[in-house]
Structure formats: C-alpha cells, structure tokens
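Participant: So here's model.tsv (TSV, C-alpha atoms).
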```
chain	number	residue	atom	x	y	z
K	1	MET	CA	0.00	0.00	0.00
K	2	ASP	CA	1.19	3.53	-0.77
K	3	GLN	CA	2.85	5.08	2.25
K	4	TYR	CA	1.19	8.43	1.68
K	5	PRO	CA	-2.35	9.36	0.67
K	6	SER	CA	-2.91	10.26	-2.92
K	7	GLN	CA	-4.90	13.29	-3.85
K	8	GLY	CA	-7.91	11.07	-4.39
K	9	LYS	CA	-11.07	12.45	-5.93
K	10	ARG	CA	-10.64	16.19	-6.33
K	11	ILE	CA	-13.37	18.51	-5.12
K	12	ILE	CA	-13.92	20.42	-8.35
K	13	TRP	CA	-15.04	23.75	-6.92
K	14	ILE	CA	-11.77	24.13	-4.97
K	15	ASP	CA	-9.66	24.25	-8.15
K	16	GLN	CA	-12.16	26.62	-9.74
K	17	ALA	CA	-12.10	28.91	-6.71
K	18	ARG	CA	-8.28	28.82	-6.71
K	19	GLY	CA	-8.25	29.92	-10.33
K	20	ILE	CA	-10.62	32.81	-9.63
K	21	ALA	CA	-8.55	33.75	-6.59
K	22	LEU	CA	-5.43	33.84	-8.78
K	23	LEU	CA	-7.12	36.31	-11.13
K	24	GLY	CA	-8.20	38.46	-8.20
K	25	ILE	CA	-4.73	38.39	-6.64
K	26	LEU	CA	-3.19	39.38	-9.96
K	27	LEU	CA	-5.60	42.31	-10.34
K	28	ALA	CA	-4.81	43.49	-6.81
K	29	ASN	CA	-1.07	42.98	-7.25
K	30	MET	CA	-1.06	45.05	-10.43
K	31	LEU	CA	-1.32	48.13	-8.19
K	32	LEU	CA	1.74	46.94	-6.30
K	33	PHE	CA	3.69	46.07	-9.43
K	34	GLN	CA	2.94	49.51	-10.85
K	35	TYR	CA	3.00	51.75	-7.78
K	36	GLY	CA	5.08	50.00	-5.12
K	37	MET	CA	4.49	47.63	-2.25
K	38	TRP	CA	2.07	49.87	-0.40
K	39	GLY	CA	-0.01	50.48	-3.53
K	40	ASN	CA	-0.09	54.07	-2.32
K	41	LEU	CA	-2.13	55.97	-4.88
K	42	SER	CA	-2.88	58.78	-2.45
K	43	VAL	CA	0.42	60.38	-3.46
K	44	LYS	CA	-0.47	60.10	-7.15
K	45	THR	CA	-2.63	62.40	-9.24
K	46	LEU	CA	-4.90	60.03	-11.13
K	47	GLU	CA	-7.01	60.82	-14.15
K	48	THR	CA	-10.73	60.48	-13.47
K	49	TYR	CA	-11.01	57.20	-15.37
K	50	ASP	CA	-8.06	55.73	-13.42
K	51	TYR	CA	-9.52	56.95	-10.12
K	52	TRP	CA	-12.75	55.06	-10.77
K	53	ALA	CA	-10.81	52.03	-11.99
K	54	TYR	CA	-8.94	52.07	-8.69
K	55	GLU	CA	-12.21	52.33	-6.75
K	56	LEU	CA	-13.61	49.33	-8.62
K	57	ILE	CA	-10.52	47.30	-7.77
K	58	ARG	CA	-10.64	48.48	-4.16
K	59	ILE	CA	-14.28	47.52	-3.77
K	60	PHE	CA	-14.39	44.21	-5.64
K	61	VAL	CA	-10.83	42.90	-5.38
K	62	ILE	CA	-8.48	44.34	-2.76
K	63	ASP	CA	-8.34	42.37	0.52
K	64	SER	CA	-11.02	39.88	-0.57
K	65	PHE	CA	-9.16	37.41	-2.81
K	66	MET	CA	-6.26	36.85	-0.45
K	67	PRO	CA	-8.69	35.68	2.27
K	68	LEU	CA	-10.35	33.49	-0.38
K	69	PHE	CA	-7.01	31.83	-1.09
K	70	ALA	CA	-6.40	31.50	2.68
K	71	PHE	CA	-9.80	29.84	3.12
K	72	LEU	CA	-8.99	27.33	0.37
K	73	PHE	CA	-5.50	26.71	1.75
K	74	SER	CA	-6.73	25.63	5.19
K	75	TYR	CA	-9.66	23.74	3.64
K	76	GLY	CA	-7.07	21.71	1.72
K	77	ILE	CA	-5.12	20.99	4.91
K	78	VAL	CA	-8.20	19.39	6.48
K	79	LEU	CA	-8.83	17.33	3.32
K	80	MET	CA	-5.23	16.11	3.35
K	81	LYS	CA	-5.45	15.21	7.06
K	82	ASP	CA	-8.67	13.27	6.41
K	83	ARG	CA	-6.86	11.20	3.77
K	84	PHE	CA	-4.13	10.36	6.28
K	85	ASP	CA	-6.78	9.25	8.77
K	86	GLN	CA	-8.49	7.09	6.15
K	87	LYS	CA	-5.22	5.25	5.58
K	88	GLY	CA	-4.47	4.96	9.28
K	89	LEU	CA	-1.25	6.97	9.05
K	90	GLY	CA	-0.37	8.67	12.31
K	91	ALA	CA	2.88	10.45	11.40
K	92	TYR	CA	1.12	13.11	9.37
K	93	ARG	CA	2.69	16.09	11.14
K	94	LEU	CA	6.16	15.31	9.79
K	95	VAL	CA	4.79	15.27	6.25
K	96	PHE	CA	3.00	18.56	6.81
K	97	VAL	CA	6.12	20.16	8.29
K	98	ARG	CA	8.17	19.15	5.23
K	99	ARG	CA	5.42	20.44	2.99
K	100	PHE	CA	5.27	23.83	4.65
K	101	LEU	CA	9.02	24.23	5.09
K	102	ILE	CA	9.36	23.78	1.32
K	103	LEU	CA	6.67	26.43	0.86
K	104	ILE	CA	8.58	28.78	3.17
K	105	GLY	CA	11.78	28.11	1.21
K	106	LEU	CA	10.07	28.81	-2.11
K	107	GLY	CA	8.57	31.94	-0.60
K	108	LEU	CA	11.95	33.24	0.57
K	109	LEU	CA	13.50	32.63	-2.84
K	110	HIS	CA	10.52	34.31	-4.47
K	111	CYS	CA	10.67	37.23	-2.04
K	112	PHE	CA	14.40	37.93	-2.41
K	113	PHE	CA	14.99	37.09	-6.07
K	114	VAL	CA	11.67	37.98	-7.73
K	115	TRP	CA	9.23	40.11	-5.74
K	116	ASP	CA	8.87	41.14	-2.12
K	117	GLY	CA	5.09	40.83	-2.24
K	118	ASP	CA	5.40	37.07	-1.72
K	119	ILE	CA	2.71	35.30	0.32
K	120	LEU	CA	4.09	31.75	0.21
K	121	ARG	CA	6.37	32.06	3.25
K	122	ILE	CA	3.49	33.46	5.31
K	123	TYR	CA	1.25	30.58	4.21
K	124	GLY	CA	3.99	28.10	5.12
K	125	MET	CA	4.33	29.56	8.63
K	126	ILE	CA	0.57	29.56	9.10
K	127	GLY	CA	0.33	25.99	7.81
K	128	ILE	CA	2.73	24.74	10.48
K	129	GLY	CA	0.79	26.62	13.15
K	130	LEU	CA	-2.53	25.21	11.95
K	131	VAL	CA	-1.23	21.64	11.99
K	132	PHE	CA	0.15	21.85	15.54
K	133	LEU	CA	-2.45	24.13	17.14
K	134	PHE	CA	-5.78	23.62	15.37
K	135	ILE	CA	-5.93	20.55	13.14
K	136	ASN	CA	-7.33	18.30	15.88
K	137	ARG	CA	-9.52	20.90	17.58
K	138	LYS	CA	-13.29	20.72	17.57
K	139	PRO	CA	-15.04	22.90	14.96
K	140	LYS	CA	-16.59	25.04	17.71
K	141	THR	CA	-13.17	25.83	19.19
K	142	ILE	CA	-11.81	26.80	15.77
K	143	LEU	CA	-14.83	29.03	15.12
K	144	ILE	CA	-14.43	30.82	18.46
K	145	TRP	CA	-10.76	31.56	17.73
K	146	ALA	CA	-11.62	32.73	14.21
K	147	ILE	CA	-14.16	35.20	15.58
K	148	ILE	CA	-11.83	36.43	18.35
K	149	LEU	CA	-8.99	37.08	15.91
K	150	PHE	CA	-11.32	38.72	13.41
K	151	VAL	CA	-12.67	41.14	16.03
K	152	THR	CA	-9.12	41.83	17.25
K	153	HIS	CA	-8.10	42.57	13.67
K	154	ILE	CA	-10.90	45.12	13.34
K	155	PHE	CA	-9.80	47.02	16.45
K	156	VAL	CA	-6.13	46.92	15.40
K	157	ILE	CA	-6.78	48.39	11.96
K	158	TYR	CA	-8.87	51.07	13.66
K	159	GLY	CA	-5.79	51.98	15.72
K	160	LEU	CA	-3.57	51.95	12.64
K	161	ARG	CA	-6.00	54.23	10.86
K	162	LEU	CA	-5.71	56.72	13.70
K	163	ALA	CA	-1.91	56.43	13.77
K	164	ALA	CA	-1.29	56.75	9.99
K	165	PRO	CA	2.54	56.51	10.25
K	166	ASP	CA	4.24	59.06	8.00
K	167	GLN	CA	7.39	56.95	7.64
K	168	LEU	CA	5.54	54.64	5.25
K	169	VAL	CA	5.51	57.44	2.68
K	170	GLU	CA	9.30	57.67	2.76
K	171	SER	CA	9.63	53.88	2.57
K	172	HIS	CA	7.31	53.88	-0.42
K	173	ARG	CA	9.37	56.61	-2.13
K	174	GLN	CA	12.64	54.68	-1.67
K	175	THR	CA	11.11	51.43	-2.90
K	176	ALA	CA	9.60	53.13	-5.94
K	177	GLN	CA	12.99	54.67	-6.79
K	178	MET	CA	14.64	51.25	-6.66
K	179	MET	CA	11.94	49.62	-8.78
K	180	GLN	CA	12.16	52.33	-11.40
K	181	ASN	CA	15.93	52.65	-11.72
K	182	GLY	CA	17.65	49.73	-9.98
K	183	SER	CA	19.33	46.86	-11.75
K	184	TYR	CA	18.20	43.31	-11.02
K	185	TRP	CA	20.93	42.66	-8.46
K	186	GLU	CA	20.42	46.06	-6.86
K	187	ASN	CA	16.78	45.13	-6.34
K	188	VAL	CA	17.77	41.77	-4.87
K	189	SER	CA	20.25	43.44	-2.50
K	190	TYR	CA	17.65	46.03	-1.51
K	191	ARG	CA	15.12	43.33	-0.64
K	192	ILE	CA	17.61	41.23	1.32
K	193	ASN	CA	18.95	44.21	3.27
K	194	GLY	CA	15.41	45.35	4.01
K	195	ALA	CA	14.24	41.90	5.12
K	196	ALA	CA	13.49	43.17	8.62
K	197	LEU	CA	9.92	44.37	8.42
K	198	PHE	CA	10.12	46.53	11.53
K	199	HIS	CA	13.24	48.46	12.51
K	200	LEU	CA	12.49	48.65	16.20
K	201	ASP	CA	15.86	49.97	17.31
K	202	ASP	CA	18.49	51.43	15.00
K	203	SER	CA	21.23	50.46	17.47
K	204	LEU	CA	20.55	46.75	16.94
K	205	PRO	CA	22.63	44.77	14.43
K	206	SER	CA	20.81	43.71	11.29
K	207	TRP	CA	20.56	40.05	12.35
K	208	ALA	CA	18.94	41.01	15.66
K	209	SER	CA	16.52	43.37	13.90
K	210	LEU	CA	15.59	40.58	11.49
K	211	GLY	CA	15.09	38.12	14.35
K	212	LEU	CA	12.82	40.51	16.26
K	213	SER	CA	10.96	41.26	13.05
K	214	ILE	CA	10.29	37.56	12.43
K	215	LEU	CA	9.23	37.06	16.05
K	216	LEU	CA	6.82	39.98	15.85
K	217	LEU	CA	5.51	38.66	12.53
K	218	VAL	CA	4.86	35.15	13.87
K	219	VAL	CA	3.51	36.06	17.30
K	220	VAL	CA	1.52	39.23	16.57
K	221	ILE	CA	1.13	40.23	12.91
K	222	ILE	CA	0.13	36.89	11.38
K	223	PRO	CA	-2.40	35.88	14.08
K	224	VAL	CA	-4.06	39.29	14.22
K	225	PHE	CA	-4.07	40.30	10.56
K	226	VAL	CA	-4.36	37.15	8.47
K	227	LEU	CA	-5.21	34.06	10.53
K	228	SER	CA	-8.99	34.32	10.83
K	229	PRO	CA	-9.80	33.43	7.15
K	230	PHE	CA	-7.64	30.30	7.51
K	231	LEU	CA	-9.58	29.30	10.62
K	232	PHE	CA	-12.93	29.93	8.92
K	233	GLY	CA	-11.79	27.66	6.07
K	234	MET	CA	-10.73	24.96	8.51
K	235	TYR	CA	-14.03	25.26	10.38
K	236	VAL	CA	-16.14	24.86	7.22
K	237	ALA	CA	-13.99	21.91	6.08
K	238	LYS	CA	-14.45	20.14	9.41
K	239	LYS	CA	-18.21	20.69	9.21
K	240	ARG	CA	-18.07	19.16	5.69
K	241	TRP	CA	-20.67	21.60	4.39
K	242	LEU	CA	-18.87	22.06	1.08
K	243	HIS	CA	-17.63	18.52	0.47
K	244	GLU	CA	-20.93	17.80	-1.27
K	245	PRO	CA	-22.43	21.27	-1.56
K	246	GLN	CA	-25.59	20.08	-3.33
K	247	HIS	CA	-26.80	18.81	0.05
K	248	HIS	CA	-26.47	22.26	1.65
K	249	ILE	CA	-27.54	24.46	-1.24
K	250	GLN	CA	-30.16	26.42	0.73
K	251	ARG	CA	-27.64	27.39	3.41
K	252	ILE	CA	-25.10	28.35	0.75
K	253	ARG	CA	-27.68	30.49	-1.04
K	254	LYS	CA	-28.46	32.35	2.19
K	255	VAL	CA	-24.76	33.01	2.81
K	256	PHE	CA	-24.41	34.37	-0.71
K	257	PHE	CA	-27.28	36.86	-0.51
K	258	VAL	CA	-26.50	38.05	3.03
K	259	SER	CA	-22.79	38.54	2.28
K	260	LEU	CA	-23.60	40.23	-1.05
K	261	VAL	CA	-25.93	42.74	0.63
K	262	LEU	CA	-23.34	43.48	3.33
K	263	SER	CA	-20.02	43.43	1.51
K	264	ILE	CA	-20.26	45.70	-1.52
K	265	PRO	CA	-22.07	48.59	0.25
K	266	LEU	CA	-19.59	48.41	3.15
K	267	LYS	CA	-16.56	48.47	0.84
K	268	ALA	CA	-18.06	51.35	-1.14
K	269	LEU	CA	-18.67	53.55	1.94
K	270	PRO	CA	-15.29	55.43	1.81
K	271	ILE	CA	-16.33	56.99	-1.52
K	272	PHE	CA	-18.93	58.98	0.40
K	273	TRP	CA	-17.52	59.18	3.94
K	274	ASP	CA	-13.94	59.01	5.21
K	275	THR	CA	-13.88	58.50	8.97
K	276	PRO	CA	-12.11	55.90	11.19
K	277	PHE	CA	-15.42	54.16	11.89
K	278	ILE	CA	-16.21	53.90	8.18
K	279	PHE	CA	-12.69	52.55	7.70
K	280	ILE	CA	-13.49	49.75	10.17
K	281	LEU	CA	-16.61	48.76	8.23
K	282	SER	CA	-14.96	49.06	4.81
K	283	ASP	CA	-11.55	47.53	5.48
K	284	GLY	CA	-12.46	45.37	8.46
K	285	VAL	CA	-15.85	43.77	7.83
K	286	GLY	CA	-16.31	44.33	4.09
K	287	PRO	CA	-13.42	42.23	2.71
K	288	LEU	CA	-14.25	39.05	4.63
K	289	ALA	CA	-17.95	39.41	3.84
K	290	LEU	CA	-17.08	39.68	0.15
K	291	THR	CA	-14.85	36.61	0.46
K	292	PHE	CA	-17.82	34.58	1.70
K	293	CYS	CA	-19.89	36.05	-1.14
K	294	TYR	CA	-17.33	34.84	-3.69
K	295	ILE	CA	-17.03	31.37	-2.19
K	296	SER	CA	-20.79	30.78	-2.02
K	297	GLY	CA	-21.28	32.39	-5.45
K	298	ILE	CA	-18.72	30.07	-7.05
K	299	ILE	CA	-20.46	27.02	-5.58
K	300	LEU	CA	-23.91	28.20	-6.68
K	301	LEU	CA	-22.54	28.85	-10.17
K	302	MET	CA	-21.01	25.38	-10.24
K	303	GLU	CA	-24.44	23.86	-9.61
K	304	THR	CA	-25.65	25.04	-13.04
K	305	ARG	CA	-24.63	23.66	-16.43
K	306	ARG	CA	-23.75	27.09	-17.82
K	307	GLY	CA	-21.83	27.86	-14.66
K	308	GLN	CA	-19.73	24.72	-15.06
K	309	GLN	CA	-18.72	25.87	-18.54
K	310	VAL	CA	-17.77	29.32	-17.22
K	311	LEU	CA	-15.77	27.91	-14.33
K	312	LYS	CA	-13.91	25.18	-16.23
K	313	PRO	CA	-11.01	27.42	-17.44
K	314	PHE	CA	-10.53	28.71	-13.88
K	315	GLY	CA	-10.34	25.14	-12.63
K	316	ILE	CA	-7.54	24.36	-15.09
K	317	VAL	CA	-5.54	27.36	-13.85
K	318	GLY	CA	-6.31	26.44	-10.24
K	319	LYS	CA	-4.78	22.98	-10.65
K	320	LEU	CA	-1.46	24.73	-11.32
K	321	SER	CA	-2.00	27.45	-8.73
K	322	LEU	CA	1.54	27.47	-7.31
K	323	THR	CA	3.20	27.57	-10.73
K	324	ASN	CA	0.80	30.18	-12.07
K	325	TYR	CA	1.19	32.39	-8.99
K	326	LEU	CA	4.98	32.39	-9.29
K	327	PHE	CA	4.90	33.11	-13.02
K	328	GLN	CA	2.59	36.07	-12.46
K	329	SER	CA	5.22	37.87	-10.39
K	330	ILE	CA	8.13	36.74	-12.61
K	331	ILE	CA	6.52	38.17	-15.73
K	332	MET	CA	5.04	41.30	-14.16
K	333	THR	CA	8.23	42.39	-12.41
K	334	THR	CA	10.04	41.95	-15.72
K	335	ILE	CA	7.47	44.19	-17.39
K	336	PHE	CA	7.43	46.96	-14.79
K	337	TYR	CA	10.84	47.07	-13.10
K	338	GLY	CA	13.78	49.05	-14.38
K	339	TYR	CA	15.83	45.96	-15.27
K	340	GLY	CA	12.98	44.83	-17.59
K	341	LEU	CA	10.74	46.99	-19.74
K	342	GLY	CA	10.75	49.76	-17.12
K	343	LEU	CA	7.02	50.52	-17.26
K	344	TYR	CA	6.76	51.17	-13.52
K	345	GLY	CA	4.05	53.78	-12.87
K	346	LYS	CA	3.59	54.54	-16.57
K	347	LEU	CA	0.55	52.54	-17.69
K	348	GLY	CA	-2.19	53.56	-15.29
K	349	VAL	CA	-4.84	51.56	-13.47
K	350	TRP	CA	-7.15	50.79	-16.42
K	351	VAL	CA	-4.31	49.61	-18.64
K	352	GLY	CA	-2.99	47.55	-15.76
K	353	ILE	CA	-6.37	45.84	-15.43
K	354	GLY	CA	-6.37	45.09	-19.16
K	355	LEU	CA	-2.83	43.71	-18.96
K	356	ALA	CA	-3.77	41.50	-16.00
K	357	VAL	CA	-6.79	40.06	-17.82
K	358	LEU	CA	-4.75	39.48	-21.00
K	359	PHE	CA	-2.00	37.72	-19.09
K	360	PHE	CA	-4.51	35.58	-17.21
K	361	LEU	CA	-6.04	34.51	-20.54
K	362	CYS	CA	-2.54	33.45	-21.58
K	363	GLN	CA	-2.27	31.46	-18.36
K	364	ILE	CA	-5.55	29.70	-19.18
K	365	VAL	CA	-4.23	28.68	-22.61
K	366	ALA	CA	-0.86	27.60	-21.18
K	367	SER	CA	-2.55	25.65	-18.38
K	368	PHE	CA	-4.81	23.82	-20.86
K	369	TRP	CA	-1.76	22.88	-22.93
K	370	TRP	CA	0.20	21.74	-19.88
K	371	THR	CA	-2.53	19.69	-18.20
K	372	LYS	CA	-3.18	17.73	-21.39
K	373	ARG	CA	0.39	16.46	-21.21
K	374	PHE	CA	1.37	16.53	-17.54
K	375	GLN	CA	-0.28	15.57	-14.27
K	376	MET	CA	0.93	18.59	-12.32
K	377	GLY	CA	2.85	21.81	-12.75
K	378	PRO	CA	6.65	21.99	-12.35
K	379	PHE	CA	6.52	23.73	-8.97
K	380	GLU	CA	3.71	21.44	-7.82
K	381	TRP	CA	5.94	18.52	-8.79
K	382	LEU	CA	8.82	19.94	-6.74
K	383	TRP	CA	6.50	20.59	-3.79
K	384	ARG	CA	5.12	17.04	-3.85
K	385	LEU	CA	8.62	15.58	-4.20
K	386	GLY	CA	9.79	17.36	-1.06
K	387	THR	CA	6.58	16.57	0.82
K	388	TYR	CA	6.59	12.79	0.32
K	389	LEU	CA	10.31	12.24	-0.44
K	390	LYS	CA	9.26	10.19	-3.45
K	391	VAL	CA	9.59	11.16	-7.10
K	392	PRO	CA	6.06	11.71	-8.43
K	393	ALA	CA	5.16	10.88	-12.01
K	394	ILE	CA	4.68	14.11	-13.89
K	395	MET	CA	3.76	12.98	-17.40
K	396	LYS	CA	0.33	11.59	-18.18
K	397	LYS	CA	0.32	7.93	-19.20
K	398	SER	CA	-1.25	8.77	-22.57
K	399	ASN	CA	1.88	10.79	-23.43
K	400	LEU	CA	4.51	8.33	-22.24
K	401	SER	CA	4.28	6.26	-25.43
K	402	LYS	CA	5.32	9.30	-27.47
K	403	PHE	CA	8.79	9.35	-25.89
```
Go ahead and express the file in the form of structure tokens.
Facilitator:
Amino acid sequence: MDQYPSQGKRIIWIDQARGIALLGILLANMLLFQYGMWGNLSVKTLETYDYWAYELIRIFVIDSFMPLFAFLFSYGIVLMKDRFDQKGLGAYRLVFVRRFLILIGLGLLHCFFVWDGDILRIYGMIGIGLVFLFINRKPKTILIWAIILFVTHIFVIYGLRLAAPDQLVESHRQTAQMMQNGSYWENVSYRINGAALFHLDDSLPSWASLGLSILLLVVVIIPVFVLSPFLFGMYVAKKRWLHEPQHHIQRIRKVFFVSLVLSIPLKALPIFWDTPFIFILSDGVGPLALTFCYISGIILLMETRRGQQVLKPFGIVGKLSLTNYLFQSIIMTTIFYGYGLGLYGKLGVWVGIGLAVLFFLCQIVASFWWTKRFQMGPFEWLWRLGTYLKVPAIMKKSNLSKF
C-alpha cells in the first residue's frame, strides 16, 4: 500500500475557486507592481477614469481574494489530514512540516529574487501553526478563535487608521525609486537588506533586527491580521458543508445573498464618507464578507450547467495554482521594473487591469496545454517531491508512449 495518501477524488469547486482567486490576486497585485508595495495611490494624481478604476478594484478585489485563497489553503489541509486518517497513518505532522518548510523556502527565494510581495512564506508559517495548534480541535473551538482574531483585527486596523505613520511614505518613495531605476541585483540586494519588516531599534545589528521582526511577525502580525480566514476555512472543512455542496444548497444560497448585501455597500462607503469608523466597516468587515460572497457564489454557479462551462477554465488554472502564482510575479516584475521593460508607474490603473486580464487569458491557454500532457505543474511537482520524499510521475500515461 502507498505510504502516503494520494490526492484522491478532487473537489472540483476548490480548483475553480483557486483559479478565480489567482485572477483576483493578480488584479490586486497590479497596483503593487505599478505603484510599489504599499499600492499608495494617495500620493499620485490620477485621471478620473483611473480613479474610478482604482475604486472598482478596491471595492471588488483588494483584501477579498487573499482571504479566499487562505480559506482554500486551510480547507485543503483538512482534506489532506482526512486522507491520512483514512489510511491509518499517524505520522502526518512530519509530512505537513516538510510540505510547509518547502513552501517557506520557495517563498523566501521568491521574495528575495523575484518580488517582495510574496505570500508563500506566510502561508507556510501559518500551515505549520494550523497543523500543531488547530488541526485536531473541535469545529466550535476553531470558530471561536476565528471570531476572536477577526474582532481583534478590526480594532487593530482602527488603531492603525488613527496612527497613519508618516514613515511609510518615505519607505514607499525609496522602494519606488529602486523599482524604477535599480538593476536586477540592486533590487535583490535592496530586498535582502530590508528583510526586517520593523526596525524597532536602529542600534541593533541587522541580524537582531531581522530576528525581532520575524518574532513579531509570527507572534503578533500573522495571528491578528491574516489568521482568521484560515480558521474559517478549517471550520467549514471540518463541518463538511462544502464537500458535497448540493446537500447544503439552501444554506449556501443564504450566505451568498446576506454577504452580497453586506459586503459591496460596506466596501463602497469610503467613496462617500472618510472616517475611522467607516474605515473599520470598509476595510475590516467588508473584505471578509465579500470573500464569503465569492465562495458561495462560485459554488452556486457550479451547480448550473452554464456555470460549469464558465468555471472550467478557472479550474484548469487552479490545478497549477503554485506555478501560475509564481509566473505572475516573474513576468510582471520583468514588465514593470527598471531591469525589464521599465514601465513602472507609466501605464495607469485601467491599462494595468487590461494587462492582467490578458495575461490571465494566456495562463488559461498555457494551463490547458500543460494539463493535457502533464499531471501537475513543475513547482507542484517539486513541492510534492519534497513533501513525500518520493519522485512523483509528472507525465500523463497517454503521453509516455510518445517518448
């Protein structure tokens, strides 16, 4: 018998949701590729059409697709753990640790040598925490922690809104200068030297500053700012509501309509009012509500024949989510940074949206071509190799006879 559980029967909507999340992440990241890591357009004078393009992205995309990906990530962890249990394998934590350490390693390489907007290392850290702290908890316990961290996050962003640190503007200016004019290796050096997220004390050596930064990231920043969507995903997976969604379609439909009515108006509020309280509703409650709207909407769409046709291309991209995510930043940094085409800050928001959609269409075509010939993407193959310490077959059997 195989020592490790295979992927088994895939839950189709998960791949489709991953593909849609990849498009949303690309649209959101286009602001960062074009305008720097803080996506700070408040210091830019935008044309009216670009201002409204930015507002559309802010309302429908920003801060809602990353939680969607987080939800799917933790949902997948529970599915993988269930497969271990079905095979009676108790040493699952070691496999998970290898899996997430590889993800952290890929994330660090991505962060230093491609783009500092990487999320993989954060997901790897969270994955280890989920496996050791939450994987065997009761659903009710997970839900309570998800709510506590979500409420804490709301109050923290309220405090940050009041603080509005001016030093971020200077950091943004320096980063933009490097992206516009720096060579490739100058950018790499800049990212490595700036690896410490928080310079708490200028008298500390760089290694100590980095260590404190990582400690603060793991103990405070990750739990407060990003953990709750992972816990909501783990909770829903343990309840098994979406394993066979056709049995829970009425509940899913209610979630869709309630979250739709809440999310978009809340995220649109800053257009009309700009106060700290409105900021809480828009940036605190709105994004997660819209995430639930997208998840339930995808599942409802999947339950129709026309919806299945619409979602199929997203599912193909979602099967290669790691590879496609990495190639998005490789190609886009080459387009925008000074060592590539040097289009940083020159295209505008609307053109950036068009470029993102065009590139995603290319990813759909490339993913169709790849999945007809191979079982998994190249980075997925590497990830699985390191996870199970066994060389996985990458070519489809129908193509082996051609070689």
Participant: Got a sec: who's within 12 Å of Phe368 of chain K, counting only C-alpha atoms, leaving out chain neighbours fewer than 2 positions off, as a PyMOL selection string?
Facilitator: chain K and resi 312-320+361-366+370-377
Participant: What's the 12 Å shell around Ile148 of chain K, counting all atoms listed in the file, without same-chain residues fewer than 2 positions away, as a list in words?
Facilitator: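 What passes the distance filter is Thr141, Ile142, Leu143, Ile144, Trp145, Ala146, Phe150, Val151, Thr152, His153, Ile154, Phe155, Pro223, Val224, Phe225, Leu227, Ser228, Pro229, Leu231 and Phe232 of chain K.
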Participant: K:Phe360, K:Trp273, K:Phe257, K:Phe96: which is nearest Met80 of chain K, counting all atoms listed in the file?
Facilitator: K:Phe96
Participant: Pick the closest to Ile11 of chain K from K:Tyr344, K:Ile102, K:Val357, K:Leu79: which is it, counting all atoms listed in the file?
Facilitator: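 Using all atoms listed in the file, the shortest distance to Ile11 of chain K belongs to K:Leu79.
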Participant: Hey, can you check how far atom CA of Val236 of chain K sits from atom CA of Ile59 of chain K?
Facilitator: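 The value is 25.3 Å.
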Participant: Could you pull the residues within 9 Å of Ile122 of chain K, counting only C-alpha atoms, minus those fewer than 3 positions along the same chain, as a list in words?
Facilitator: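 That gives Leu103, Ile104, Gly107, Asp118, Ile119, Met125, Ile126, Gly127, Val218 and Ile222 of chain K.
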Participant: In Å, how far is it from atom CA of Met234 of chain K to atom CA of Ile77 of chain K?
Facilitator: 7.8 Å
Participant: Between K:Val349, K:Leu290, K:Ile62, K:Leu300, single out the one closest to Val258 of chain K, counting all atoms listed in the file.
Facilitator: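 Nearest candidate to Val258 of chain K out of K:Val349, K:Leu290, K:Ile62, K:Leu300: K:Leu290.
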Participant: Taking all atoms listed in the file into account, name the residue in K:Pro245, K:Val61, K:Val78, K:Leu326 that is nearest to Leu109 of chain K.
Facilitator: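 Smallest distance to Leu109 of chain K is found for K:Leu326.
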Participant: Name all residues at most 12 Å from Tyr35 of chain K (count all atoms listed in the file; drop same-chain ones fewer than 6 positions away) and give them as a list in words.
Facilitator: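 Within the cut-off, the hits are Ala28, Asn29, Leu41, Ser42, Val43, Lys44, Leu46, Tyr54, His172, Arg173, Gln174, Thr175, Ala176, Gln177, Met178, Met179, Gln180, Thr333, Phe336, Tyr337, Leu343, Tyr344, Gly345, Lys346, Leu347, Gly348, Val349 and Gly352 of chain K.
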Participant: Write out as number ranges by chain the residues lying within 7 Å of segment 379-395 of chain K, counting all atoms listed in the file and excluding same-chain residues fewer than 6 positions away.
Facilitator: K: 95, 98-99, 102, 322-323, 373
Participant: For atom CA of Asp85 of chain K and atom CA of Ile135 of chain K, determine how far apart the two atoms are, in Å to one decimal place.
Facilitator: 12.1 Å
Participant: Which residue out of K:Ile331, K:Ala289, K:Leu281, K:Pro378 has the minimum interatomic distance to Ala356 of chain K when only C-alpha atoms are used?
Facilitator: K:Ile331
Participant: Could you pull segment 287-298 of chain K out of the block above and give me N, CA and C atoms, as a compact mmCIF listing (two decimals), in the first residue's frame?
Facilitator:
```
# COMPACT_ATOMS: atom_id res chain seq x y z
N PRO K 287 -14.19 43.21 3.48
CA PRO K 287 -13.42 42.23 2.71
C PRO K 287 -13.77 40.78 3.01
N LEU K 288 -13.92 40.43 4.30
CA LEU K 288 -14.25 39.05 4.63
C LEU K 288 -15.67 38.69 4.19
N ALA K 289 -16.59 39.65 4.32
CA ALA K 289 -17.95 39.41 3.84
C ALA K 289 -17.95 39.14 2.34
N LEU K 290 -17.15 39.89 1.59
CA LEU K 290 -17.08 39.68 0.15
C LEU K 290 -16.42 38.35 -0.18
N THR K 291 -15.45 37.93 0.64
CA THR K 291 -14.85 36.61 0.46
C THR K 291 -15.89 35.52 0.55
N PHE K 292 -16.76 35.58 1.57
CA PHE K 292 -17.82 34.58 1.70
C PHE K 292 -18.80 34.66 0.53
N CYS K 293 -19.02 35.87 0.03
CA CYS K 293 -19.89 36.05 -1.14
C CYS K 293 -19.29 35.34 -2.35
N TYR K 294 -17.99 35.49 -2.56
CA TYR K 294 -17.33 34.84 -3.69
C TYR K 294 -17.36 33.32 -3.57
N ILE K 295 -17.05 32.81 -2.37
CA ILE K 295 -17.03 31.37 -2.19
C ILE K 295 -18.41 30.77 -2.47
N SER K 296 -19.44 31.32 -1.83
CA SER K 296 -20.79 30.78 -2.02
C SER K 296 -21.27 31.00 -3.45
N GLY K 297 -20.90 32.13 -4.06
CA GLY K 297 -21.28 32.39 -5.45
C GLY K 297 -20.67 31.40 -6.41
N ILE K 298 -19.39 31.05 -6.20
CA ILE K 298 -18.72 30.07 -7.05
C ILE K 298 -19.43 28.72 -6.96
```
